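For reference, the structure discussed in these notes is given below.
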Amino acid sequence: MEKQATWTHFYQWPLKYFAAVTFWNLVGAGLLGFLINTPIALYYMQGLNTTAAHGHGAMFGVYGMLGIGLMLFCLRGMAVNYQWNDRWMNWAFWSLNAGLALMIVIALLPAGLWQTYNANVYGYWFVRSAEFIHSPFMESMVWSRVVGDVLFTFGALVLCVAMVGVYRAIRAEK
């Protein structure tokens, strides 16, 4: 049915970002939010990297993708005759989403679960100490996050470059 409606191709990129919002709302706000917001979890997990995992997934995953989708929706209406560079837009979309997912899955969630385990065994004070935060495992989690950060940054830069063409098209129509 999507292929039969001609307007969906016109708004292809805003719709993809809106679809990403639904995914991140389920994962970032829903699953990771539920993970940290039950009363017993709040006692052992509040302020650890599990909170950061939820924050990244919910904040940028939901509100960031929504903001980009709304921006693209408005720009699509402002530059009606402009042909979007689908290659650049595709790279931006998947790099942003994959980078965010890697940040959470490779670094923040494992570090948070390790902190949670240790908070249960040794106490919350221990997992907030400099000794624990600068332990070899936690330091490796910090560095493993770089993979997702670089991919995410690449997506943001590609999106900015793609928007230069839209900006030029809008300026040319004036």
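Numbering starts fresh at 1 for the residues of each chain in the structure tokens, the chains themselves are lettered A, B, ... in the order given, and ligands are numbered from 1 as they appear.
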Residues of chain A classed as alpha helix (DSSP H) by DSSP on the backbone are to be reported as a PyMOL selection string.
chain A and resi 6-10+12-24+32-37+39-45+49-55+65-78+86-102+109-122+124-127+130-133+136-173
Excluding same-chain residues fewer than 4 positions from Asn25 (chain A), what lies within 7 Å of it counting only C-alpha atoms, as a CSV table (one decimal) with N, CA and C atoms, in the first residue's frame?
```
chain,number,residue,atom,x,y,z
A,21,VAL,N,11.8,6.8,15.5
A,21,VAL,CA,11.2,7.3,16.8
A,21,VAL,C,10.4,6.2,17.5
A,29,ALA,N,13.1,4.3,25.6
A,29,ALA,CA,12.2,4.8,26.6
A,29,ALA,C,11.5,3.6,27.3
A,30,GLY,N,11.0,2.6,26.5
A,30,GLY,CA,10.3,1.5,27.1
A,30,GLY,C,11.1,0.5,27.8
A,58,ALA,N,16.3,7.1,25.0
A,58,ALA,CA,15.1,7.9,25.1
A,58,ALA,C,15.3,9.3,24.6
A,62,VAL,N,14.5,9.1,20.8
A,62,VAL,CA,13.1,9.5,20.6
A,62,VAL,C,13.1,11.0,20.1
```
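Taking only C-alpha atoms, the non-local environment of Trp91 (chain A) within 8 Å (same-chain residues fewer than 4 positions away omitted) comprises Arg87, Ser95, Gly155 and Val158 of chain A.
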Residue neighbourhood Val166 (chain A), 10 Å, only C-alpha atoms, exclusion window fewer than 2 positions, as a ChimeraX atom specification
/A:72,75-76,78-80,82-85,160-164,168-172
Exercise: Gly28 (chain A) partners within 12 Å, only C-alpha atoms, chain neighbours under 3 positions left out, as a VMD selection string
chain A and resid 20 to 25 31 to 36 50 to 63 97 100 to 101 103 to 105 109
May I have the selected residues written with C-alpha atoms, as an mmCIF file, in the first residue's frame?
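File written: result-v1.cif
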```cif
data_model
loop_
_atom_site.group_PDB
_atom_site.id
_atom_site.type_symbol
_atom_site.label_atom_id
_atom_site.label_comp_id
_atom_site.auth_asym_id
_atom_site.auth_seq_id
_atom_site.Cartn_x
_atom_site.Cartn_y
_atom_site.Cartn_z
ATOM 1 C CA ALA A 20 13.055 5.353 14.098
ATOM 2 C CA VAL A 21 11.216 7.304 16.798
ATOM 3 C CA THR A 22 8.835 4.377 17.304
ATOM 4 C CA PHE A 23 11.759 1.937 17.584
ATOM 5 C CA TRP A 24 13.675 4.059 20.075
ATOM 6 C CA ASN A 25 10.503 4.774 22.019
ATOM 7 C CA LEU A 31 12.566 -1.381 27.736
ATOM 8 C CA LEU A 32 15.528 0.522 29.164
ATOM 9 C CA GLY A 33 13.192 2.842 31.064
ATOM 10 C CA PHE A 34 11.368 -0.089 32.602
ATOM 11 C CA LEU A 35 14.714 -1.695 33.432
ATOM 12 C CA ILE A 36 15.737 1.205 35.658
ATOM 13 C CA THR A 50 22.033 1.868 33.054
ATOM 14 C CA THR A 51 20.501 5.313 33.513
ATOM 15 C CA ALA A 52 22.787 6.671 30.798
ATOM 16 C CA ALA A 53 21.743 3.851 28.456
ATOM 17 C CA HIS A 54 18.089 4.734 29.011
ATOM 18 C CA GLY A 55 18.866 8.435 28.664
ATOM 19 C CA HIS A 56 20.652 8.051 25.347
ATOM 20 C CA GLY A 57 17.988 5.774 23.874
ATOM 21 C CA ALA A 58 15.095 7.864 25.112
ATOM 22 C CA MET A 59 16.477 11.354 24.634
ATOM 23 C CA PHE A 60 18.257 11.218 21.305
ATOM 24 C CA GLY A 61 16.550 8.087 20.071
ATOM 25 C CA VAL A 62 13.094 9.539 20.571
ATOM 26 C CA TYR A 63 13.412 13.309 20.700
ATOM 27 C CA ASN A 97 20.775 4.820 14.426
ATOM 28 C CA LEU A 100 23.353 5.141 18.961
ATOM 29 C CA ALA A 101 22.638 1.417 19.210
ATOM 30 C CA MET A 103 26.860 3.208 22.193
ATOM 31 C CA ILE A 104 24.150 1.533 24.229
ATOM 32 C CA VAL A 105 24.825 -2.148 23.478
ATOM 33 C CA LEU A 109 24.415 -1.189 29.095
#
```
When distances are computed from only C-alpha atoms, which of A:Tyr167, A:Tyr44, A:Phe137, A:Trp143 shows the smallest separation from Thr116 (chain A)?
A:Tyr44
Show me, as JSON lines, the residues of region 21-91 of chain A having an atom within 12 Å of region 126-131 of chain A, each with the closest atom pair and its distance in Å, using only C-alpha atoms.
```
{"residue": "A:Tyr44", "atom": "CA", "partner": "A:Val127", "partner_atom": "CA", "distance": 10.1}
{"residue": "A:Met45", "atom": "CA", "partner": "A:Val127", "partner_atom": "CA", "distance": 10.1}
{"residue": "A:Gln46", "atom": "CA", "partner": "A:Arg128", "partner_atom": "CA", "distance": 11.0}
{"residue": "A:Gly47", "atom": "CA", "partner": "A:Arg128", "partner_atom": "CA", "distance": 9.0}
{"residue": "A:Leu48", "atom": "CA", "partner": "A:Arg128", "partner_atom": "CA", "distance": 8.1}
{"residue": "A:Asn49", "atom": "CA", "partner": "A:Val127", "partner_atom": "CA", "distance": 10.4}
```
List as number ranges by chain the protein and nucleic acid residues near Ile106 (chain A), meaning an atom at most 8 Å away when only C-alpha atoms are counted, but skip any in the same chain fewer than 3 places from it.
A: 102-103, 109-110, 141, 144-145
Writing out the chosen residues with N, CA and C atoms as an mmCIF file, in the first residue's frame:
```cif
data_model
loop_
_atom_site.group_PDB
_atom_site.id
_atom_site.type_symbol
_atom_site.label_atom_id
_atom_site.label_comp_id
_atom_site.auth_asym_id
_atom_site.auth_seq_id
_atom_site.Cartn_x
_atom_site.Cartn_y
_atom_site.Cartn_z
ATOM 1 N N LEU A 102 25.057 1.103 19.014
ATOM 2 C CA LEU A 102 26.362 0.608 19.460
ATOM 3 C C LEU A 102 26.793 1.250 20.771
ATOM 4 N N MET A 103 26.538 2.549 20.929
ATOM 5 C CA MET A 103 26.860 3.208 22.193
ATOM 6 C C MET A 103 26.187 2.490 23.357
ATOM 7 N N LEU A 109 25.190 -0.149 28.427
ATOM 8 C CA LEU A 109 24.415 -1.189 29.095
ATOM 9 C C LEU A 109 25.306 -2.220 29.802
ATOM 10 N N PRO A 110 26.364 -2.750 29.150
ATOM 11 C CA PRO A 110 27.238 -3.677 29.890
ATOM 12 C C PRO A 110 27.887 -3.030 31.121
ATOM 13 N N MET A 141 35.164 -0.109 28.847
ATOM 14 C CA MET A 141 33.813 0.254 28.409
ATOM 15 C C MET A 141 33.783 1.678 27.862
ATOM 16 N N SER A 144 35.401 1.415 24.462
ATOM 17 C CA SER A 144 34.606 0.671 23.475
ATOM 18 C C SER A 144 33.452 1.515 22.938
ATOM 19 N N ARG A 145 33.066 2.502 23.674
ATOM 20 C CA ARG A 145 31.990 3.387 23.224
ATOM 21 C C ARG A 145 32.406 4.240 22.025
#
```
Residue nearest Met89 (chain A) among A:Leu157, A:Thr6, A:His134, A:Gln115 (counting only C-alpha atoms)
A:Leu157
Given the choices A:Ala5, A:Ala98, A:Leu15, A:Phe152, which gets closest to Leu70 (chain A) if the distance is worked out from only C-alpha atoms?
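For Leu70 (chain A), the nearest of the given residues is A:Leu15.
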Just checking: using only C-alpha atoms, which residue out of A:Asn37, A:Gly99, A:Gly112, A:Pro14 ends up closest to Gly67 (chain A)?
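The closest residue to Gly67 (chain A) is A:Pro14.
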